[in-house]
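Shown here: structure_13.cif, mmCIF, C-alpha atoms.
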data_final
#
loop_
_atom_site.group_PDB
_atom_site.id
_atom_site.type_symbol
_atom_site.label_atom_id
_atom_site.label_comp_id
_atom_site.auth_asym_id
_atom_site.auth_seq_id
_atom_site.Cartn_x
_atom_site.Cartn_y
_atom_site.Cartn_z
ATOM 1 C CA MET A 1 -0.202 -6.619 15.884
ATOM 2 C CA LYS A 2 0.569 -3.651 13.718
ATOM 3 C CA GLN A 3 -1.590 -0.577 13.265
ATOM 4 C CA ILE A 4 -2.341 0.612 9.730
ATOM 5 C CA GLU A 5 -4.118 3.771 8.540
ATOM 6 C CA ILE A 6 -7.231 3.289 6.392
ATOM 7 C CA SER A 7 -9.453 5.645 4.421
ATOM 8 C CA TYR A 8 -12.215 6.835 6.751
ATOM 9 C CA GLU A 9 -14.768 7.028 3.933
ATOM 10 C CA GLU A 10 -14.040 3.492 2.677
ATOM 11 C CA LEU A 11 -14.203 1.941 6.137
ATOM 12 C CA GLU A 12 -17.344 3.932 6.930
ATOM 13 C CA GLN A 13 -19.042 2.340 3.902
ATOM 14 C CA ASP A 14 -17.887 -1.134 5.053
ATOM 15 C CA PHE A 15 -19.394 -0.489 8.484
ATOM 16 C CA ILE A 16 -22.684 0.797 7.035
ATOM 17 C CA LYS A 17 -22.913 -2.410 4.994
ATOM 18 C CA GLU A 18 -22.101 -4.537 8.060
ATOM 19 C CA LEU A 19 -24.650 -2.725 10.257
ATOM 20 C CA GLY A 20 -27.209 -3.212 7.473
ATOM 21 C CA LYS A 21 -27.146 -6.928 8.345
ATOM 22 C CA LEU A 22 -28.851 -6.203 11.676
ATOM 23 C CA GLY A 23 -32.193 -7.936 11.976
ATOM 24 C CA SER A 24 -31.167 -10.744 9.621
ATOM 25 C CA GLU A 25 -30.667 -14.349 10.655
ATOM 26 C CA GLY A 26 -27.628 -15.809 12.382
ATOM 27 C CA LEU A 27 -25.110 -13.621 14.193
ATOM 28 C CA TYR A 28 -26.951 -10.431 13.319
ATOM 29 C CA ARG A 29 -30.531 -11.391 14.215
ATOM 30 C CA ARG A 30 -30.294 -9.601 17.560
ATOM 31 C CA GLY A 31 -27.643 -7.447 19.179
ATOM 32 C CA ILE A 32 -26.706 -6.892 22.800
ATOM 33 C CA LEU A 33 -27.271 -3.445 24.322
ATOM 34 C CA ALA A 34 -25.239 -2.645 27.451
ATOM 35 C CA THR A 35 -26.243 0.288 29.669
ATOM 36 C CA SER A 36 -25.126 1.464 33.084
ATOM 37 C CA GLU A 37 -25.983 3.718 35.966
ATOM 38 C CA GLY A 38 -23.698 4.188 38.943
ATOM 39 C CA ASP A 39 -22.009 0.861 39.542
ATOM 40 C CA HIS A 40 -24.790 -1.183 37.870
ATOM 41 C CA VAL A 41 -24.164 -2.437 34.339
ATOM 42 C CA THR A 42 -26.777 -4.456 32.482
ATOM 43 C CA ALA A 43 -26.965 -6.022 29.040
ATOM 44 C CA ARG A 44 -29.831 -7.448 27.061
ATOM 45 C CA ARG A 45 -30.683 -8.765 23.598
ATOM 46 C CA MET A 46 -32.455 -6.211 21.423
ATOM 47 C CA HIS A 47 -33.780 -5.935 17.897
ATOM 48 C CA PHE A 48 -31.772 -3.203 16.108
ATOM 49 C CA ILE A 49 -32.441 -1.216 12.955
ATOM 50 C CA SER A 50 -29.607 0.687 11.277
ATOM 51 C CA ASN A 51 -29.704 3.924 9.334
ATOM 52 C CA GLY A 52 -26.190 4.592 8.127
ATOM 53 C CA LEU A 53 -24.053 4.397 11.262
ATOM 54 C CA THR A 54 -26.965 5.241 13.572
ATOM 55 C CA LEU A 55 -28.709 2.406 15.415
ATOM 56 C CA TYR A 56 -32.276 2.281 16.683
ATOM 57 C CA CYS A 57 -34.151 -0.103 18.944
ATOM 58 C CA TYR A 58 -37.444 0.140 20.802
ATOM 59 C CA THR A 59 -38.751 -0.723 24.211
ATOM 60 C CA ILE A 60 -41.352 0.216 26.805
ATOM 61 C CA ARG A 61 -40.857 3.531 28.650
ATOM 62 C CA GLY A 62 -39.889 3.027 32.277
ATOM 63 C CA THR A 63 -37.717 -0.048 31.697
ATOM 64 C CA ARG A 64 -34.375 -0.292 33.435
ATOM 65 C CA LYS A 65 -32.548 0.383 30.162
ATOM 66 C CA CYS A 66 -34.480 3.660 29.669
ATOM 67 C CA LYS A 67 -33.735 4.763 33.224
ATOM 68 C CA GLN A 68 -30.044 3.925 32.800
ATOM 69 C CA ILE A 69 -29.807 5.748 29.455
ATOM 70 C CA MET A 70 -31.395 8.860 30.953
ATOM 71 C CA ALA A 71 -28.838 8.746 33.787
ATOM 72 C CA ASN A 72 -25.871 7.799 31.578
ATOM 73 C CA PRO A 73 -26.301 7.964 27.783
ATOM 74 C CA ASN A 74 -23.031 6.113 27.043
ATOM 75 C CA VAL A 75 -23.870 2.625 25.779
ATOM 76 C CA ALA A 76 -22.265 -0.298 24.003
ATOM 77 C CA VAL A 77 -23.753 -2.639 21.415
ATOM 78 C CA VAL A 78 -22.358 -5.877 20.065
ATOM 79 C CA ALA A 79 -23.833 -7.762 17.116
ATOM 80 C CA GLY A 80 -21.983 -10.432 15.211
ATOM 81 C CA PHE A 81 -18.382 -9.221 14.962
ATOM 82 C CA VAL A 82 -19.286 -5.544 15.430
ATOM 83 C CA GLN A 83 -18.430 -3.716 18.665
ATOM 84 C CA TYR A 84 -20.205 -0.368 18.846
ATOM 85 C CA GLU A 85 -19.782 2.444 21.382
ATOM 86 C CA GLY A 86 -22.246 5.302 21.256
ATOM 87 C CA VAL A 87 -24.458 7.861 22.905
ATOM 88 C CA ALA A 88 -28.123 6.910 23.328
ATOM 89 C CA SER A 89 -31.240 8.999 23.727
ATOM 90 C CA VAL A 90 -34.803 7.990 24.529
ATOM 91 C CA LYS A 91 -37.210 9.361 21.918
ATOM 92 C CA GLY A 92 -41.003 9.359 21.708
ATOM 93 C CA HIS A 93 -43.392 6.733 20.414
ATOM 94 C CA PRO A 94 -42.100 4.729 17.408
ATOM 95 C CA LEU A 95 -44.890 6.010 15.141
ATOM 96 C CA ASP A 96 -44.432 9.700 16.110
ATOM 97 C CA GLU A 97 -43.204 12.122 13.442
ATOM 98 C CA GLU A 98 -40.014 12.800 15.451
ATOM 99 C CA ASN A 99 -39.008 9.202 14.661
ATOM 100 C CA ALA A 100 -39.464 9.492 10.880
ATOM 101 C CA ASP A 101 -35.862 8.307 10.250
ATOM 102 C CA PHE A 102 -36.452 5.227 12.422
ATOM 103 C CA ILE A 103 -39.751 4.428 10.660
ATOM 104 C CA LYS A 104 -38.205 4.880 7.198
ATOM 105 C CA ALA A 105 -35.176 2.693 8.004
ATOM 106 C CA PHE A 106 -37.369 0.009 9.625
ATOM 107 C CA LYS A 107 -39.734 -0.096 6.603
ATOM 108 C CA GLU A 108 -36.849 -0.230 4.102
ATOM 109 C CA ASN A 109 -34.577 -2.695 5.912
ATOM 110 C CA GLN A 110 -37.106 -5.056 7.495
ATOM 111 C CA PRO A 111 -40.542 -4.512 5.892
ATOM 112 C CA GLU A 112 -42.204 -7.712 7.153
ATOM 113 C CA LYS A 113 -41.046 -7.173 10.727
ATOM 114 C CA TYR A 114 -42.130 -3.517 10.539
ATOM 115 C CA GLU A 115 -45.688 -4.516 9.572
ATOM 116 C CA ARG A 116 -45.878 -6.957 12.516
ATOM 117 C CA GLU A 117 -44.422 -4.492 15.021
ATOM 118 C CA LYS A 118 -46.550 -1.583 13.786
ATOM 119 C CA ARG A 119 -49.625 -3.396 15.128
ATOM 120 C CA ILE A 120 -47.914 -3.928 18.484
ATOM 121 C CA PHE A 121 -46.907 -0.245 18.645
ATOM 122 C CA GLN A 122 -50.576 0.695 18.331
ATOM 123 C CA ASN A 123 -51.501 -1.053 21.602
ATOM 124 C CA PRO A 124 -52.700 1.822 23.833
ATOM 125 C CA ASP A 125 -51.824 -0.102 27.010
ATOM 126 C CA LEU A 126 -48.080 -0.007 26.269
ATOM 127 C CA ASP A 127 -45.950 3.146 26.225
ATOM 128 C CA TRP A 128 -43.435 2.340 23.488
ATOM 129 C CA VAL A 129 -40.355 4.522 22.877
ATOM 130 C CA VAL A 130 -37.476 4.516 20.411
ATOM 131 C CA ILE A 131 -33.879 4.435 21.588
ATOM 132 C CA LYS A 132 -31.532 6.190 19.150
ATOM 133 C CA VAL A 133 -27.806 5.438 19.367
ATOM 134 C CA GLU A 134 -25.288 7.721 17.658
ATOM 135 C CA PRO A 135 -21.828 6.183 17.191
ATOM 136 C CA LYS A 136 -18.597 7.338 18.800
ATOM 137 C CA ARG A 137 -16.459 4.344 17.903
ATOM 138 C CA ILE A 138 -17.066 1.093 16.017
ATOM 139 C CA ALA A 139 -14.784 -1.933 15.716
ATOM 140 C CA LEU A 140 -15.152 -4.944 13.431
ATOM 141 C CA ARG A 141 -13.196 -8.191 13.375
ATOM 142 C CA LYS A 142 -12.398 -9.141 9.773
ATOM 143 C CA LEU A 143 -10.911 -12.371 8.515
ATOM 144 C CA ALA A 144 -8.233 -12.375 5.848
ATOM 145 C CA ASP A 145 -9.420 -12.220 2.242
ATOM 146 C CA PRO A 146 -6.398 -12.348 -0.078
ATOM 147 C CA ALA A 147 -8.577 -11.841 -3.173
ATOM 148 C CA SER A 148 -9.643 -8.379 -1.968
ATOM 149 C CA GLY A 149 -6.421 -7.550 -0.112
ATOM 150 C CA ILE A 150 -8.028 -7.560 3.354
ATOM 151 C CA GLU A 151 -5.652 -8.510 6.137
ATOM 152 C CA GLU A 152 -6.977 -10.287 9.204
ATOM 153 C CA GLY A 153 -7.469 -8.003 12.178
ATOM 154 C CA ILE A 154 -9.675 -5.557 13.980
ATOM 155 C CA TYR A 155 -10.779 -2.525 11.982
ATOM 156 C CA ILE A 156 -11.742 0.573 13.929
ATOM 157 C CA LEU A 157 -13.780 3.589 12.918
ATOM 158 C CA ASN A 158 -13.364 6.405 15.428
ATOM 159 C CA VAL A 159 -16.384 8.489 14.437
ATOM 160 C CA ALA A 160 -15.710 11.155 17.070
ATOM 161 C CA LYS A 161 -12.236 11.828 15.609
ATOM 162 C CA ARG A 162 -13.084 10.836 11.988
ATOM 163 C CA GLU A 163 -10.181 8.383 12.014
ATOM 164 C CA ALA A 164 -9.988 4.853 10.668
ATOM 165 C CA TYR A 165 -7.316 2.231 11.231
ATOM 166 C CA GLY A 166 -6.731 -1.460 11.476
ATOM 167 C CA ALA A 167 -4.991 -3.586 14.080
ATOM 168 C CA ILE A 168 -3.602 -6.266 11.810
ATOM 169 C CA ASP A 169 -2.609 -9.712 13.072
ATOM 170 C CA SER A 170 1.086 -10.201 12.565
ATOM 171 C CA GLY A 171 1.088 -13.827 13.642
ATOM 172 C CA SER A 172 2.506 -13.086 17.085
ATOM 173 C CA GLU A 173 -0.264 -14.084 19.513
ATOM 174 C CA HIS A 174 -1.602 -10.566 20.037
ATOM 175 C CA SER A 175 1.685 -9.158 21.310
ATOM 176 C CA ASP A 176 0.746 -5.481 21.222
ATOM 177 C CA PRO A 177 2.509 -3.830 24.171
ATOM 178 C CA ASN A 178 -0.270 -1.229 24.571
ATOM 179 C CA GLY A 179 -3.042 -3.739 25.276
ATOM 180 C CA ALA A 180 -5.988 -4.951 23.250
ATOM 181 C CA PRO A 181 -6.134 -3.179 19.866
ATOM 182 C CA ALA A 182 -9.925 -2.812 20.056
ATOM 183 C CA TYR A 183 -9.311 -0.141 22.681
ATOM 184 C CA TRP A 184 -6.666 1.954 20.906
ATOM 185 C CA GLU A 185 -7.649 5.613 21.043
#

Please go through the file and, once you have read it, give me the structure as structure tokens.
Amino acid sequence: MKQIEISYEELEQDFIKELGKLGSEGLYRRGILATSEGDHVTARRMHFISNGLTLYCYTIRGTRKCKQIMANPNVAVVAGFVQYEGVASVKGHPLDEENADFIKAFKENQPEKYEREKRIFQNPDLDWVVIKVEPKRIALRKLADPASGIEEGIYILNVAKREAYGAIDSGSEHSDPNGAPAYWE
């Protein structure tokens, strides 16, 4: 594997487009949210909505995932070929004004699903909350596309450092001496 530098802005736009596939059929219909507290790590399938690089999902207050996020906001999400590391926060009810960005993104990206879920959110017996995940680092496995000049490899957007780079397959069975390229700093 060889590491190449990439334009942050260009890769950011690629990632926004890729995250925009969340909620669609196939690999991106649902993502996996991993949370932890102490030495307990759990993962579960969730319905995600993207707004730029920010991800949202929703759940019932008091669930294990909410308790873990409040104890440790560092989470991971995987959907399709996207690996996402971020910081989560538990927000109020999905229809509250504080979640206007979530509501807008949900309506724009998945209007039919929003209309169905809106009725569920209005059930007074359930205490729904939004989970907002801000990115720290995102990785995406891309296959080679000679027509557009894309080399096969793992492309990484380090949001915290505003850096972008690719770990390009060089045909040598992943021989990087520093370990898996998805974890390069």

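Atom to atom, CA of Gly23 in chain A and CA of Val82 in chain A stand 13.6 Å apart.
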
So what does the PyMOL selection byres ((chain A and resi 126) around 12) actually pick up in this one, as a list in words? Tyr58, Thr59, Ile60, Arg61, Gly62, Thr63, His93, Pro94, Arg119, Ile120, Phe121, Gln122, Asn123, Pro124, Asp125, Asp127, Trp128 and Val129 of chain A

Skip range 156-167 of chain A itself and residues of its chain fewer than 3 positions away, then list as a list in words all residues within 8 Å of it, counting only C-alpha atoms. Met1, Lys2, Gln3, Ile4, Glu5, Ile6, Ser7, Tyr8, Leu11, Glu12, Pro135, Lys136, Arg137, Ile138, Ala139, Leu140, Gly153, Pro181 and Ala182 of chain A

For the residues in that selection, give me C-alpha atoms as a PDB file, in the coordinates of the input.
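As a result, result_22.pdb now contains:
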ATOM      1  CA  MET A   1      -0.202  -6.619  15.884  1.00  0.00           C
ATOM      2  CA  LYS A   2       0.569  -3.651  13.718  1.00  0.00           C
ATOM      3  CA  GLN A   3      -1.590  -0.577  13.265  1.00  0.00           C
ATOM      4  CA  ILE A   4      -2.341   0.612   9.730  1.00  0.00           C
ATOM      5  CA  GLU A   5      -4.118   3.771   8.540  1.00  0.00           C
ATOM      6  CA  ILE A   6      -7.231   3.289   6.392  1.00  0.00           C
ATOM      7  CA  SER A   7      -9.453   5.645   4.421  1.00  0.00           C
ATOM      8  CA  TYR A   8     -12.215   6.835   6.751  1.00  0.00           C
ATOM      9  CA  LEU A  11     -14.203   1.941   6.137  1.00  0.00           C
ATOM     10  CA  GLU A  12     -17.344   3.932   6.930  1.00  0.00           C
ATOM     11  CA  PRO A 135     -21.828   6.183  17.191  1.00  0.00           C
ATOM     12  CA  LYS A 136     -18.597   7.338  18.800  1.00  0.00           C
ATOM     13  CA  ARG A 137     -16.459   4.344  17.903  1.00  0.00           C
ATOM     14  CA  ILE A 138     -17.066   1.093  16.017  1.00  0.00           C
ATOM     15  CA  ALA A 139     -14.784  -1.933  15.716  1.00  0.00           C
ATOM     16  CA  LEU A 140     -15.152  -4.944  13.431  1.00  0.00           C
ATOM     17  CA  GLY A 153      -7.469  -8.003  12.178  1.00  0.00           C
ATOM     18  CA  PRO A 181      -6.134  -3.179  19.866  1.00  0.00           C
ATOM     19  CA  ALA A 182      -9.925  -2.812  20.056  1.00  0.00           C
TER      20      ALA A 182
END

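With all atoms listed in the file as the basis for measurement, A:Ile49 is the residue among A:Ile49, A:Val130, A:Ala43, A:Ile32 that approaches Lys107 in chain A most closely.
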
Work out how far apart CA of Glu134 in chain A and CA of Gly31 in chain A are and give it in Å to one decimal. 15.4 Å

Distance CA of Phe81 in chain A-CA of Arg141 in chain A, one decimal place?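 Interatomic distance, CA of Phe81 in chain A to CA of Arg141 in chain A: 5.5 Å.
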
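With distances taken over all atoms listed in the file, A:Phe106 is the one residue among A:Ile154, A:Gln68, A:Asp101, A:Phe106 lying closest to Phe48 in chain A.
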
Pick from A:Leu19, A:Ile131, A:Val41, A:Leu95: nearest to Gln83 in chain A, with all atoms listed in the file counted? A:Leu19

Have a look at A:Lys118, A:Ser24, A:Lys142, A:Thr35 and name the one nearest to Asp96 in chain A; count all atoms listed in the file.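 For Asp96 in chain A, the nearest of the candidates is A:Lys118.
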
Shell around Leu22 in chain A at 12 Å using all atoms listed in the file, local window under 2 positions removed, as a ChimeraX atom specification: /A:15-20,24-32,46-57,77-82,105-106,109-110

Kindly list the centre and edge lengths in Å, rounded to one decimal, for the axis-aligned box that covers all listed atoms of range 75-86 of chain A plus 3 Å on each of its six sides, as AutoDock Vina command-line options.
--center_x -21.1 --center_y -2.6 --center_z 20.4 --size_x 11.5 --size_y 21.7 --size_z 16.8
